[in-house]
Amino acid sequence: MYAFLRFEGRRIFGERKNLIFLGFISLFSAYFIWSGLNEYRQFHAEKKIFLKFEKERIKQIVNYAQYGVFGFRLLYEASPLNLFFVNSSVLQDVESNIDSLEAIKVESSFKGKKLFLTRGYFKDFAGIPFIFGSLFMLYLGHLALVSPAYLRFMTGRMALKKYYALTTAARLFWLNLFFVALGLGLFFLVQLGGVVFSGAEKKIFFSYLLFLVLLLDFFYLLGQLTSVLVRFRKVFFLWFFIVWFFCIFLLPEINRISVFNKARVLESAEKVNLEKFRTLMALEKKFRDYLKVNPATPLDQIRQMQKKFAVQFINSSYLVNTGLETKYLRDVERVIAGHERQSVIFPTTFYHFLTGEASGKGYYGYLDFMDYIMKLRNRFMHFYLEKRYEGNESTVESFVKNDENIFRSRSRLPKTFWLGLLATVFYGAVFLVLAYWLLRRQVFLP
Amino acid sequence: MIALKNLAMEKDDFYLSALSLEVAAGEIYFLLNRLDQDNDFLFRTLSGFQAAGSGEISYDGNRFLGAKHPQTVVFIERVNDRADFDTEARLGQWFDFLCAQGLGREDIFKTLLVGNFHERQLKKMVRDLAPETFKLAYLAICLAANSANVVINNFIKGSGKNFELKFNKLLLQQKAAGRAILFLGSDIFYASEIADRVGFLKNGRLMFEAAAADLKEMDIKDLYLKFLN
């Protein structure tokens, strides 16, 4: 085995074009990490401004009626791991406004600097090994077995099975070592740059790295298989791009379109908002009707009635609206769970899902954000109604304590992580065995 | 000793009818055949990479037939394209690897020295070697196996006279060492020069067999027209 490791190491790292490609991957990965780190720092600077602005804003609000209408903003802060996946996340920089209105808004601002933040596909650390690493591994898989003539020659020195297995193992060892070293090296550098990761985040990054390496091994074995399937002919390069394009772009896109189609069963968010608005307005109408019937009601009695209606609102209409929103959210969750299950089927589709979730701005991050919004909103509504109808209106007290208006999303691994990993290993094993079986038939002719 | 007994097969355009021959230790047997692809086919069969139809192939009395490569025999293939052997490693690294698999470095260099091989070639990638340097390196690896039987497929075809002379020297060394050598080729003049015995294969049949010494007294042109045209 040692001789194989030595020889394959020399084959891979002694070839100039391989070194250029590996250098290119390292350089671009480092560049995107640096860029991600800058964005991370920029976000934290913006966050400080945001918190300062929100504190200033509350001071300007005159009464609780205004506070109820304007509310306060809630900022989505992704986990520090996001700097590795800035462009692989599902959500962009988002925020929400917590107020007494019926609709829950989750929006992304493109104002000012943020307009220039949009990067486009694959331009982050996760994207570089995915696009260029897969291309490189496919190519190295193709080169591994050299040619049938070479294999016949080597079979004179050792059994084909032994040569095939040890060559594959040795090449994968070096290539995996390179990508693991690259990932860990950059992770370490980021920590030197002042970013602190929790134990759970470290575990998630290492798990991601494990999947990345297995995904790249999958491409290596696919390259080997493709090469055997086209019988080592030059036409390989045509197939090479077709296979690569299919795996990297087409399948994830088909998966995305599929989830979009499945999401069509969801009711329109506008419809839900309208329904909530109707519930709210029904109560408003009831109050207006009461005033029409009793036009001479004194002001303090109107105030008492307002309070009564507010309590009634909290106990009925508000609960109905919250129920509608929760039901809607659970429907969205079902679509996400279906998407997750479907992503497991193929390694590249799962990689997209995994990086999204590891970024802290994935689908489940969105669900957590919505749950947080609803909880906060519920508390805010009680606070607002209590202060408005029972409290002293001379000064407006801020609802936000500490930095409650920052939602800290955590990175996570999909629930199906191990299943996705197993599926990738299974694909790799099938390719390995199939390539050997076909290769044997090419070397030993019937 | 190499022995073929009633070896017969039919595959695509290739046809072989009950070929029987024996190559004794210290003998070079040249089997002449007009078509290179027929030689390739027979070579693949003898080396176990092509299943034979019926009959028997034995090396030193060990019978062998089918999809199994006999590790105890040296097979020297016609290697014209270096790209087929481009491992993207340097020649010296390739030698290191093969030596780690049990080949003797001294044995490799013994052959290389006969071919005036220069050490600086070891630092070159296989694809950057001159065609004949590559052939020499290939030959050195094959012969380092030190087997009693050698099967060669038209190895010198396309090579210059200089390389041919070096190869002949090596071949005669192998013969002197008591190895049984079966040479598959199409060059009757070369056969008469190097071999002890020559067989003519035409349309899958062994038509004529003669000692090389006798061949020199015959009309080679006539033989060529009769069996190889």
# chains A, B, ... in the order shown; residues from 1 in each chain; ligands from 1
>>> select_by_dssp(residues="region 21-137 of chain A", states="alpha helix (DSSP H)", output="PyMOL selection string")
chain A and resi 21-60+64-70+127-128+134-137
>>> write_last_selection(atoms="N, CA and C atoms", output="compact mmCIF listing (two decimals), in the first residue's frame")
# COMPACT_ATOMS: atom_id res chain seq x y z
N PHE A 21 -4.26 23.51 -10.95
CA PHE A 21 -5.69 23.42 -10.63
C PHE A 21 -5.91 23.42 -9.12
N LEU A 22 -5.08 22.66 -8.41
CA LEU A 22 -5.23 22.61 -6.95
C LEU A 22 -4.92 23.97 -6.33
N GLY A 23 -3.91 24.63 -6.90
CA GLY A 23 -3.56 25.97 -6.44
C GLY A 23 -4.71 26.93 -6.68
N PHE A 24 -5.32 26.79 -7.82
CA PHE A 24 -6.46 27.64 -8.19
C PHE A 24 -7.62 27.42 -7.20
N ILE A 25 -7.89 26.15 -6.90
CA ILE A 25 -8.98 25.85 -5.95
C ILE A 25 -8.66 26.44 -4.57
N SER A 26 -7.40 26.27 -4.14
CA SER A 26 -7.02 26.79 -2.81
C SER A 26 -7.13 28.31 -2.76
N LEU A 27 -6.62 28.93 -3.82
CA LEU A 27 -6.61 30.39 -3.87
C LEU A 27 -8.03 30.96 -3.87
N PHE A 28 -8.88 30.39 -4.69
CA PHE A 28 -10.24 30.91 -4.77
C PHE A 28 -11.04 30.61 -3.51
N SER A 29 -10.77 29.44 -2.91
CA SER A 29 -11.47 29.13 -1.65
C SER A 29 -11.05 30.15 -0.60
N ALA A 30 -9.75 30.42 -0.53
CA ALA A 30 -9.24 31.38 0.45
C ALA A 30 -9.82 32.77 0.18
N TYR A 31 -9.92 33.11 -1.09
CA TYR A 31 -10.46 34.43 -1.44
C TYR A 31 -11.91 34.56 -0.98
N PHE A 32 -12.69 33.50 -1.22
CA PHE A 32 -14.10 33.59 -0.85
C PHE A 32 -14.29 33.52 0.67
N ILE A 33 -13.36 32.86 1.34
CA ILE A 33 -13.41 32.87 2.81
C ILE A 33 -13.13 34.29 3.31
N TRP A 34 -12.13 34.88 2.72
CA TRP A 34 -11.77 36.26 3.10
C TRP A 34 -12.94 37.19 2.83
N SER A 35 -13.56 36.99 1.69
CA SER A 35 -14.70 37.82 1.33
C SER A 35 -15.87 37.57 2.29
N GLY A 36 -16.07 36.27 2.65
CA GLY A 36 -17.12 35.92 3.61
C GLY A 36 -16.86 36.54 4.97
N LEU A 37 -15.58 36.54 5.35
CA LEU A 37 -15.18 37.11 6.63
C LEU A 37 -15.46 38.62 6.66
N ASN A 38 -15.17 39.25 5.54
CA ASN A 38 -15.46 40.69 5.43
C ASN A 38 -16.94 40.97 5.58
N GLU A 39 -17.74 40.13 4.94
CA GLU A 39 -19.19 40.31 5.02
C GLU A 39 -19.68 40.10 6.44
N TYR A 40 -19.06 39.11 7.10
CA TYR A 40 -19.41 38.80 8.48
C TYR A 40 -19.13 40.02 9.37
N ARG A 41 -17.94 40.62 9.16
CA ARG A 41 -17.57 41.80 9.95
C ARG A 41 -18.48 42.98 9.62
N GLN A 42 -18.77 43.10 8.34
CA GLN A 42 -19.65 44.18 7.87
C GLN A 42 -21.03 44.05 8.53
N PHE A 43 -21.50 42.80 8.60
CA PHE A 43 -22.82 42.55 9.19
C PHE A 43 -22.83 42.99 10.65
N HIS A 44 -21.74 42.65 11.34
CA HIS A 44 -21.70 43.01 12.76
C HIS A 44 -21.61 44.52 12.97
N ALA A 45 -20.94 45.20 12.07
CA ALA A 45 -20.89 46.66 12.14
C ALA A 45 -22.30 47.22 11.88
N GLU A 46 -22.97 46.63 10.88
CA GLU A 46 -24.34 47.07 10.54
C GLU A 46 -25.30 46.77 11.70
N LYS A 47 -25.03 45.66 12.36
CA LYS A 47 -25.90 45.24 13.47
C LYS A 47 -25.85 46.28 14.60
N LYS A 48 -24.65 46.77 14.86
CA LYS A 48 -24.50 47.79 15.91
C LYS A 48 -25.31 49.02 15.55
N ILE A 49 -25.23 49.42 14.27
CA ILE A 49 -25.98 50.59 13.80
C ILE A 49 -27.48 50.33 13.93
N PHE A 50 -27.85 49.11 13.58
CA PHE A 50 -29.26 48.72 13.64
C PHE A 50 -29.80 48.86 15.08
N LEU A 51 -29.03 48.31 16.03
CA LEU A 51 -29.46 48.36 17.43
C LEU A 51 -29.55 49.79 17.94
N LYS A 52 -28.57 50.59 17.51
CA LYS A 52 -28.54 52.00 17.92
C LYS A 52 -29.76 52.73 17.35
N PHE A 53 -30.04 52.44 16.08
CA PHE A 53 -31.16 53.08 15.41
C PHE A 53 -32.48 52.71 16.07
N GLU A 54 -32.61 51.43 16.40
CA GLU A 54 -33.87 50.97 17.01
C GLU A 54 -34.08 51.64 18.37
N LYS A 55 -32.96 51.82 19.12
CA LYS A 55 -33.07 52.48 20.43
C LYS A 55 -33.48 53.94 20.26
N GLU A 56 -32.90 54.58 19.26
CA GLU A 56 -33.23 55.99 18.95
C GLU A 56 -34.69 56.11 18.54
N ARG A 57 -35.12 55.14 17.77
CA ARG A 57 -36.45 55.18 17.18
C ARG A 57 -37.53 55.18 18.26
N ILE A 58 -37.34 54.34 19.27
CA ILE A 58 -38.34 54.22 20.33
C ILE A 58 -38.48 55.55 21.10
N LYS A 59 -37.34 56.25 21.16
CA LYS A 59 -37.38 57.53 21.89
C LYS A 59 -38.24 58.55 21.15
N GLN A 60 -38.34 58.42 19.84
CA GLN A 60 -39.09 59.36 19.02
C GLN A 60 -40.60 59.08 19.05
N TYR A 64 -48.35 54.84 22.69
CA TYR A 64 -48.39 53.41 22.39
C TYR A 64 -49.16 53.10 21.12
N ALA A 65 -50.11 53.98 20.76
CA ALA A 65 -50.85 53.77 19.51
C ALA A 65 -49.87 53.79 18.35
N GLN A 66 -48.93 54.77 18.41
CA GLN A 66 -47.90 54.87 17.37
C GLN A 66 -46.98 53.65 17.40
N TYR A 67 -46.64 53.26 18.64
CA TYR A 67 -45.73 52.11 18.81
C TYR A 67 -46.35 50.86 18.18
N GLY A 68 -47.65 50.72 18.40
CA GLY A 68 -48.36 49.56 17.84
C GLY A 68 -48.31 49.55 16.33
N VAL A 69 -48.42 50.71 15.71
CA VAL A 69 -48.42 50.79 14.24
C VAL A 69 -47.01 50.62 13.69
N PHE A 70 -46.06 51.35 14.28
CA PHE A 70 -44.69 51.28 13.75
C PHE A 70 -43.96 50.00 14.19
N GLY A 127 -19.03 26.65 -2.69
CA GLY A 127 -19.23 26.55 -4.14
C GLY A 127 -17.98 26.16 -4.90
N ILE A 128 -16.82 26.58 -4.41
CA ILE A 128 -15.58 26.33 -5.16
C ILE A 128 -15.26 24.83 -5.25
N SER A 134 -15.31 19.17 -8.10
CA SER A 134 -15.98 18.04 -8.75
C SER A 134 -15.41 17.83 -10.16
N LEU A 135 -15.15 18.94 -10.84
CA LEU A 135 -14.59 18.89 -12.20
C LEU A 135 -13.21 18.21 -12.15
N PHE A 136 -12.43 18.62 -11.19
CA PHE A 136 -11.07 18.10 -11.02
C PHE A 136 -11.10 16.61 -10.67
N MET A 137 -11.99 16.25 -9.76
CA MET A 137 -12.07 14.85 -9.33
C MET A 137 -12.55 13.96 -10.47
>>> closest_atom_pairs(of="chain A", to="chain B", cutoff="8 Å", atoms="only C-alpha atoms", output="JSON lines")
{"residue": "A:Ala3", "atom": "CA", "partner": "B:Phe97", "partner_atom": "CA", "distance": 5.9}
{"residue": "A:Phe4", "atom": "CA", "partner": "B:Phe97", "partner_atom": "CA", "distance": 7.2}
{"residue": "A:Arg6", "atom": "CA", "partner": "B:Phe97", "partner_atom": "CA", "distance": 7.9}
{"residue": "A:Phe7", "atom": "CA", "partner": "B:Phe97", "partner_atom": "CA", "distance": 5.9}
{"residue": "A:Arg10", "atom": "CA", "partner": "B:Ala89", "partner_atom": "CA", "distance": 6.4}
{"residue": "A:Arg11", "atom": "CA", "partner": "B:Ala89", "partner_atom": "CA", "distance": 4.8}
{"residue": "A:Ile12", "atom": "CA", "partner": "B:Glu88", "partner_atom": "CA", "distance": 7.7}
{"residue": "A:Gly14", "atom": "CA", "partner": "B:Ala89", "partner_atom": "CA", "distance": 6.8}
{"residue": "A:Glu15", "atom": "CA", "partner": "B:Glu88", "partner_atom": "CA", "distance": 6.2}
{"residue": "A:Leu143", "atom": "CA", "partner": "B:Thr87", "partner_atom": "CA", "distance": 7.8}
{"residue": "A:Ala144", "atom": "CA", "partner": "B:Thr87", "partner_atom": "CA", "distance": 7.9}
{"residue": "A:Val146", "atom": "CA", "partner": "B:Thr87", "partner_atom": "CA", "distance": 6.1}
{"residue": "A:Ser147", "atom": "CA", "partner": "B:Asp84", "partner_atom": "CA", "distance": 5.4}
{"residue": "A:Pro148", "atom": "CA", "partner": "B:Asp84", "partner_atom": "CA", "distance": 7.8}
{"residue": "A:Ala149", "atom": "CA", "partner": "B:Asp84", "partner_atom": "CA", "distance": 6.2}
{"residue": "A:Tyr150", "atom": "CA", "partner": "B:Phe85", "partner_atom": "CA", "distance": 5.5}
{"residue": "A:Arg152", "atom": "CA", "partner": "B:Phe49", "partner_atom": "CA", "distance": 7.8}
{"residue": "A:Thr155", "atom": "CA", "partner": "B:His69", "partner_atom": "CA", "distance": 7.2}
{"residue": "A:Gly156", "atom": "CA", "partner": "B:Gln71", "partner_atom": "CA", "distance": 5.6}
{"residue": "A:Arg157", "atom": "CA", "partner": "B:Gln71", "partner_atom": "CA", "distance": 6.9}
{"residue": "A:Met158", "atom": "CA", "partner": "B:Gln71", "partner_atom": "CA", "distance": 7.8}
{"residue": "A:Val443", "atom": "CA", "partner": "B:Phe49", "partner_atom": "CA", "distance": 6.2}
{"residue": "A:Phe444", "atom": "CA", "partner": "B:Phe49", "partner_atom": "CA", "distance": 4.3}
{"residue": "A:Leu445", "atom": "CA", "partner": "B:Gln50", "partner_atom": "CA", "distance": 4.7}
{"residue": "A:Pro446", "atom": "CA", "partner": "B:Ala51", "partner_atom": "CA", "distance": 5.3}
>>> write_last_selection(atoms="N, CA and C atoms", output="PDB file, in the first residue's frame")
ATOM      1  N   ALA A   3       3.742   1.721  -1.331  1.00  0.00           N
ATOM      2  CA  ALA A   3       4.258   1.996  -2.684  1.00  0.00           C
ATOM      3  C   ALA A   3       3.192   2.675  -3.534  1.00  0.00           C
ATOM      4  N   PHE A   4       1.956   2.245  -3.370  1.00  0.00           N
ATOM      5  CA  PHE A   4       0.851   2.855  -4.120  1.00  0.00           C
ATOM      6  C   PHE A   4       0.665   4.304  -3.695  1.00  0.00           C
ATOM      7  N   ARG A   6       2.825   6.280  -2.402  1.00  0.00           N
ATOM      8  CA  ARG A   6       3.971   7.060  -2.869  1.00  0.00           C
ATOM      9  C   ARG A   6       3.834   7.377  -4.362  1.00  0.00           C
ATOM     10  N   PHE A   7       3.519   6.348  -5.114  1.00  0.00           N
ATOM     11  CA  PHE A   7       3.437   6.512  -6.571  1.00  0.00           C
ATOM     12  C   PHE A   7       2.266   7.422  -6.953  1.00  0.00           C
ATOM     13  N   ARG A  10       2.875  10.967  -6.175  1.00  0.00           N
ATOM     14  CA  ARG A  10       3.760  11.586  -7.173  1.00  0.00           C
ATOM     15  C   ARG A  10       3.001  11.855  -8.469  1.00  0.00           C
ATOM     16  N   ARG A  11       2.107  10.929  -8.807  1.00  0.00           N
ATOM     17  CA  ARG A  11       1.315  11.114 -10.037  1.00  0.00           C
ATOM     18  C   ARG A  11       0.442  12.364  -9.935  1.00  0.00           C
ATOM     19  N   ILE A  12      -0.152  12.546  -8.776  1.00  0.00           N
ATOM     20  CA  ILE A  12      -1.090  13.676  -8.625  1.00  0.00           C
ATOM     21  C   ILE A  12      -0.333  14.986  -8.437  1.00  0.00           C
ATOM     22  N   GLY A  14       2.898  15.597  -8.782  1.00  0.00           N
ATOM     23  CA  GLY A  14       4.072  15.845  -9.620  1.00  0.00           C
ATOM     24  C   GLY A  14       3.696  16.418 -10.972  1.00  0.00           C
ATOM     25  N   GLU A  15       2.433  16.435 -11.250  1.00  0.00           N
ATOM     26  CA  GLU A  15       1.969  16.920 -12.552  1.00  0.00           C
ATOM     27  C   GLU A  15       1.630  18.412 -12.442  1.00  0.00           C
ATOM     28  N   LEU A 143      -8.200   9.820 -15.346  1.00  0.00           N
ATOM     29  CA  LEU A 143      -6.774   9.549 -15.572  1.00  0.00           C
ATOM     30  C   LEU A 143      -6.258   8.336 -14.797  1.00  0.00           C
ATOM     31  N   ALA A 144      -6.978   7.967 -13.740  1.00  0.00           N
ATOM     32  CA  ALA A 144      -6.457   6.971 -12.792  1.00  0.00           C
ATOM     33  C   ALA A 144      -6.003   5.676 -13.449  1.00  0.00           C
ATOM     34  N   VAL A 146      -5.373   4.996 -16.597  1.00  0.00           N
ATOM     35  CA  VAL A 146      -4.497   5.256 -17.757  1.00  0.00           C
ATOM     36  C   VAL A 146      -5.075   4.724 -19.073  1.00  0.00           C
ATOM     37  N   SER A 147      -4.999   3.419 -19.300  1.00  0.00           N
ATOM     38  CA  SER A 147      -5.517   2.860 -20.567  1.00  0.00           C
ATOM     39  C   SER A 147      -5.616   1.342 -20.423  1.00  0.00           C
ATOM     40  N   PRO A 148      -6.380   0.697 -21.290  1.00  0.00           N
ATOM     41  CA  PRO A 148      -6.455  -0.778 -21.207  1.00  0.00           C
ATOM     42  C   PRO A 148      -5.081  -1.408 -21.429  1.00  0.00           C
ATOM     43  N   ALA A 149      -4.277  -0.812 -22.329  1.00  0.00           N
ATOM     44  CA  ALA A 149      -2.943  -1.376 -22.596  1.00  0.00           C
ATOM     45  C   ALA A 149      -2.094  -1.328 -21.323  1.00  0.00           C
ATOM     46  N   TYR A 150      -2.190  -0.224 -20.619  1.00  0.00           N
ATOM     47  CA  TYR A 150      -1.428  -0.069 -19.375  1.00  0.00           C
ATOM     48  C   TYR A 150      -1.920  -1.065 -18.321  1.00  0.00           C
ATOM     49  N   ARG A 152      -3.323  -3.941 -18.871  1.00  0.00           N
ATOM     50  CA  ARG A 152      -2.867  -5.284 -19.237  1.00  0.00           C
ATOM     51  C   ARG A 152      -1.404  -5.463 -18.826  1.00  0.00           C
ATOM     52  N   THR A 155      -1.286  -5.843 -15.141  1.00  0.00           N
ATOM     53  CA  THR A 155      -1.830  -7.137 -14.714  1.00  0.00           C
ATOM     54  C   THR A 155      -0.753  -8.221 -14.764  1.00  0.00           C
ATOM     55  N   GLY A 156       0.260  -7.996 -15.592  1.00  0.00           N
ATOM     56  CA  GLY A 156       1.393  -8.922 -15.620  1.00  0.00           C
ATOM     57  C   GLY A 156       2.211  -8.848 -14.342  1.00  0.00           C
ATOM     58  N   ARG A 157       2.039  -7.788 -13.585  1.00  0.00           N
ATOM     59  CA  ARG A 157       2.824  -7.602 -12.358  1.00  0.00           C
ATOM     60  C   ARG A 157       2.018  -7.896 -11.098  1.00  0.00           C
ATOM     61  N   MET A 158       0.709  -7.691 -11.184  1.00  0.00           N
ATOM     62  CA  MET A 158      -0.147  -7.974 -10.014  1.00  0.00           C
ATOM     63  C   MET A 158      -1.577  -8.173 -10.500  1.00  0.00           C
ATOM     64  N   VAL A 443     -10.533  -5.752 -20.138  1.00  0.00           N
ATOM     65  CA  VAL A 443      -9.157  -6.256 -20.098  1.00  0.00           C
ATOM     66  C   VAL A 443      -9.129  -7.739 -20.478  1.00  0.00           C
ATOM     67  N   PHE A 444     -10.014  -8.500 -19.865  1.00  0.00           N
ATOM     68  CA  PHE A 444     -10.112  -9.934 -20.197  1.00  0.00           C
ATOM     69  C   PHE A 444     -11.301 -10.115 -21.132  1.00  0.00           C
ATOM     70  N   LEU A 445     -10.996 -10.203 -22.418  1.00  0.00           N
ATOM     71  CA  LEU A 445     -12.079 -10.256 -23.402  1.00  0.00           C
ATOM     72  C   LEU A 445     -12.701 -11.651 -23.471  1.00  0.00           C
ATOM     73  N   PRO A 446     -13.990 -11.732 -23.662  1.00  0.00           N
ATOM     74  CA  PRO A 446     -14.636 -13.050 -23.713  1.00  0.00           C
ATOM     75  C   PRO A 446     -14.345 -13.771 -25.044  1.00  0.00           C
TER      76      PRO A 446
END
>>> closest_residue(among="A:Ile254, A:Asn294, A:Phe85, A:Gly185", to="Gln342 (chain A)", atoms="only C-alpha atoms")
A:Ile254
>>> residues_around(residues="region 172-176 of chain B", least_positions_apart="4", cutoff="12 Å", atoms="only C-alpha atoms", output="PyMOL selection string")
chain B and resi 23-29+74+110-111+114+142-151+165-168+180-182+193-196
>>> write_last_selection(atoms="N, CA and C atoms", output="tab-separated table (two decimals), in the first residue's frame")
chain	number	residue	atom	x	y	z
B	23	VAL	N	8.02	-24.59	-28.16
B	23	VAL	CA	9.24	-23.78	-28.16
B	23	VAL	C	10.08	-24.27	-26.98
B	24	ALA	N	11.23	-24.76	-27.30
B	24	ALA	CA	12.08	-25.33	-26.25
B	24	ALA	C	12.86	-24.24	-25.53
B	25	ALA	N	13.39	-24.59	-24.40
B	25	ALA	CA	14.21	-23.64	-23.65
B	25	ALA	C	15.43	-23.28	-24.50
B	26	GLY	N	15.78	-21.99	-24.52
B	26	GLY	CA	16.94	-21.54	-25.29
B	26	GLY	C	16.68	-21.49	-26.80
B	27	GLU	N	15.41	-21.42	-27.15
B	27	GLU	CA	15.05	-21.39	-28.58
B	27	GLU	C	14.18	-20.16	-28.88
B	28	ILE	N	14.38	-19.62	-30.08
B	28	ILE	CA	13.50	-18.53	-30.52
B	28	ILE	C	12.65	-19.08	-31.66
B	29	TYR	N	11.35	-19.07	-31.45
B	29	TYR	CA	10.43	-19.53	-32.49
B	29	TYR	C	9.71	-18.30	-33.02
B	74	VAL	N	6.80	-13.83	-19.44
B	74	VAL	CA	7.02	-12.43	-19.83
B	74	VAL	C	6.31	-12.19	-21.16
B	110	LYS	N	20.13	-3.56	-15.96
B	110	LYS	CA	20.95	-4.43	-16.82
B	110	LYS	C	20.48	-4.26	-18.26
B	111	THR	N	19.18	-4.28	-18.47
B	111	THR	CA	18.62	-4.11	-19.82
B	111	THR	C	18.87	-2.69	-20.33
B	114	VAL	N	22.30	-1.97	-21.75
B	114	VAL	CA	22.52	-2.50	-23.11
B	114	VAL	C	22.04	-1.47	-24.14
B	142	CYS	N	9.77	-5.45	-18.57
B	142	CYS	CA	9.26	-6.78	-18.91
B	142	CYS	C	10.31	-7.86	-18.63
B	143	LEU	N	11.53	-7.59	-19.06
B	143	LEU	CA	12.56	-8.62	-18.93
B	143	LEU	C	13.05	-8.80	-17.49
B	144	ALA	N	12.81	-7.79	-16.67
B	144	ALA	CA	13.24	-7.88	-15.27
B	144	ALA	C	12.47	-8.96	-14.51
B	145	ALA	N	11.40	-9.43	-15.12
B	145	ALA	CA	10.59	-10.46	-14.44
B	145	ALA	C	11.31	-11.81	-14.37
B	146	ASN	N	12.36	-11.97	-15.18
B	146	ASN	CA	13.18	-13.19	-15.11
B	146	ASN	C	12.38	-14.48	-15.25
B	147	SER	N	11.58	-14.55	-16.26
B	147	SER	CA	10.78	-15.76	-16.46
B	147	SER	C	11.47	-16.66	-17.49
B	148	ALA	N	11.15	-17.94	-17.44
B	148	ALA	CA	11.78	-18.88	-18.38
B	148	ALA	C	11.14	-18.81	-19.76
B	149	ASN	N	9.98	-18.16	-19.84
B	149	ASN	CA	9.27	-18.09	-21.13
B	149	ASN	C	8.97	-16.65	-21.50
B	150	VAL	N	9.17	-16.36	-22.78
B	150	VAL	CA	8.92	-14.99	-23.25
B	150	VAL	C	8.06	-15.06	-24.51
B	151	VAL	N	6.99	-14.27	-24.52
B	151	VAL	CA	6.16	-14.18	-25.73
B	151	VAL	C	6.21	-12.72	-26.19
B	165	LEU	N	18.99	-3.40	-33.37
B	165	LEU	CA	20.24	-4.08	-33.02
B	165	LEU	C	20.36	-4.29	-31.50
B	166	LYS	N	19.97	-3.25	-30.77
B	166	LYS	CA	20.01	-3.35	-29.30
B	166	LYS	C	19.04	-4.44	-28.84
B	167	PHE	N	17.89	-4.45	-29.47
B	167	PHE	CA	16.87	-5.43	-29.10
B	167	PHE	C	17.36	-6.85	-29.40
B	168	ASN	N	17.98	-7.00	-30.59
B	168	ASN	CA	18.50	-8.32	-30.96
B	168	ASN	C	19.52	-8.80	-29.94
B	180	ALA	N	12.70	-19.76	-23.33
B	180	ALA	CA	11.96	-20.15	-24.53
B	180	ALA	C	11.25	-18.89	-25.04
B	181	ILE	N	11.52	-18.54	-26.30
B	181	ILE	CA	10.97	-17.26	-26.81
B	181	ILE	C	10.07	-17.53	-28.02
B	182	LEU	N	8.84	-17.08	-27.90
B	182	LEU	CA	7.91	-17.18	-29.02
B	182	LEU	C	7.68	-15.77	-29.54
B	193	GLU	N	16.67	-13.81	-39.63
B	193	GLU	CA	17.88	-13.28	-39.02
B	193	GLU	C	18.00	-13.67	-37.53
B	194	ILE	N	16.88	-13.66	-36.84
B	194	ILE	CA	16.93	-13.79	-35.39
B	194	ILE	C	16.49	-15.16	-34.85
B	195	ALA	N	15.60	-15.83	-35.57
B	195	ALA	CA	14.96	-17.02	-35.00
B	195	ALA	C	15.75	-18.31	-35.23
B	196	ASP	N	15.38	-19.32	-34.44
B	196	ASP	CA	15.92	-20.66	-34.68
B	196	ASP	C	14.98	-21.43	-35.59
>>> select_by_dssp(residues="region 35-180 of chain B", states="strand (DSSP E or B)", output="JSON, numbers by chain")
{"B": [50, 54, 55, 56, 57, 58, 59, 62, 63, 64, 73, 74, 75, 76, 90, 125, 149, 150, 151, 152, 153, 180]}
>>> residues_around(residues="Tyr364 (chain A)", least_positions_apart="3", cutoff="12 Å", atoms="only C-alpha atoms", output="JSON, numbers by chain")
{"A": [89, 90, 91, 329, 330, 332, 333, 334, 335, 336, 337, 339, 340, 353, 354, 356, 357, 358, 359, 360, 361, 367, 368, 369, 370, 371, 409, 410, 411, 412, 413, 414, 415]}
>>> atom_distance(atom1="CA of Ile406 (chain A)", atom2="CA of Glu95 (chain A)")
9.1 Å
>>> residues_around(residues="region 198-212 of chain B", least_positions_apart="6", cutoff="7 Å", atoms="only C-alpha atoms", output="compact mmCIF listing (two decimals) with C-alpha atoms, in the first residue's frame")
# COMPACT_ATOMS: atom_id res chain seq x y z
CA TYR B 15 -9.72 -17.69 -37.19
CA LEU B 16 -7.27 -20.23 -35.85
CA SER B 17 -7.37 -23.92 -36.66
CA LEU B 19 -2.40 -24.72 -33.90
CA TYR B 29 10.43 -19.53 -32.49
CA PHE B 30 9.15 -16.94 -34.96
CA LEU B 31 5.51 -17.33 -35.91
CA LEU B 32 4.87 -15.35 -39.06
CA ASN B 33 1.44 -13.99 -39.81
CA ALA B 191 12.61 -13.81 -38.66
CA SER B 192 15.31 -15.48 -40.71
CA PHE B 227 2.33 -17.48 -47.14
>>> residues_around(residues="Asn39 (chain B)", least_positions_apart="3", cutoff="8 Å", atoms="only C-alpha atoms", output="ChimeraX atom specification")
/B:33,35-36,42-43,153-154,184-185
>>> write_last_selection(atoms="C-alpha atoms", output="PDB file, in the first residue's frame")
ATOM      1  CA  ASN B  33       1.440 -13.995 -39.814  1.00  0.00           C
ATOM      2  CA  LEU B  35      -1.960  -9.380 -40.377  1.00  0.00           C
ATOM      3  CA  ASP B  36      -0.983  -7.411 -37.289  1.00  0.00           C
ATOM      4  CA  LEU B  42      -3.146 -14.503 -30.772  1.00  0.00           C
ATOM      5  CA  PHE B  43      -0.920 -12.568 -28.388  1.00  0.00           C
ATOM      6  CA  ASN B 153       4.321  -9.454 -30.277  1.00  0.00           C
ATOM      7  CA  ASN B 154       5.996  -7.633 -33.176  1.00  0.00           C
ATOM      8  CA  LEU B 184       4.809 -13.210 -33.279  1.00  0.00           C
ATOM      9  CA  GLY B 185       5.492 -11.014 -36.304  1.00  0.00           C
TER      10      GLY B 185
END
>>> residues_around(residues="Thr168 (chain A)", least_positions_apart="6", cutoff="10 Å", atoms="only C-alpha atoms", output="VMD selection string")
chain A and resid 4 to 5 8 141 144 to 145 162 217 220 to 221 224 432
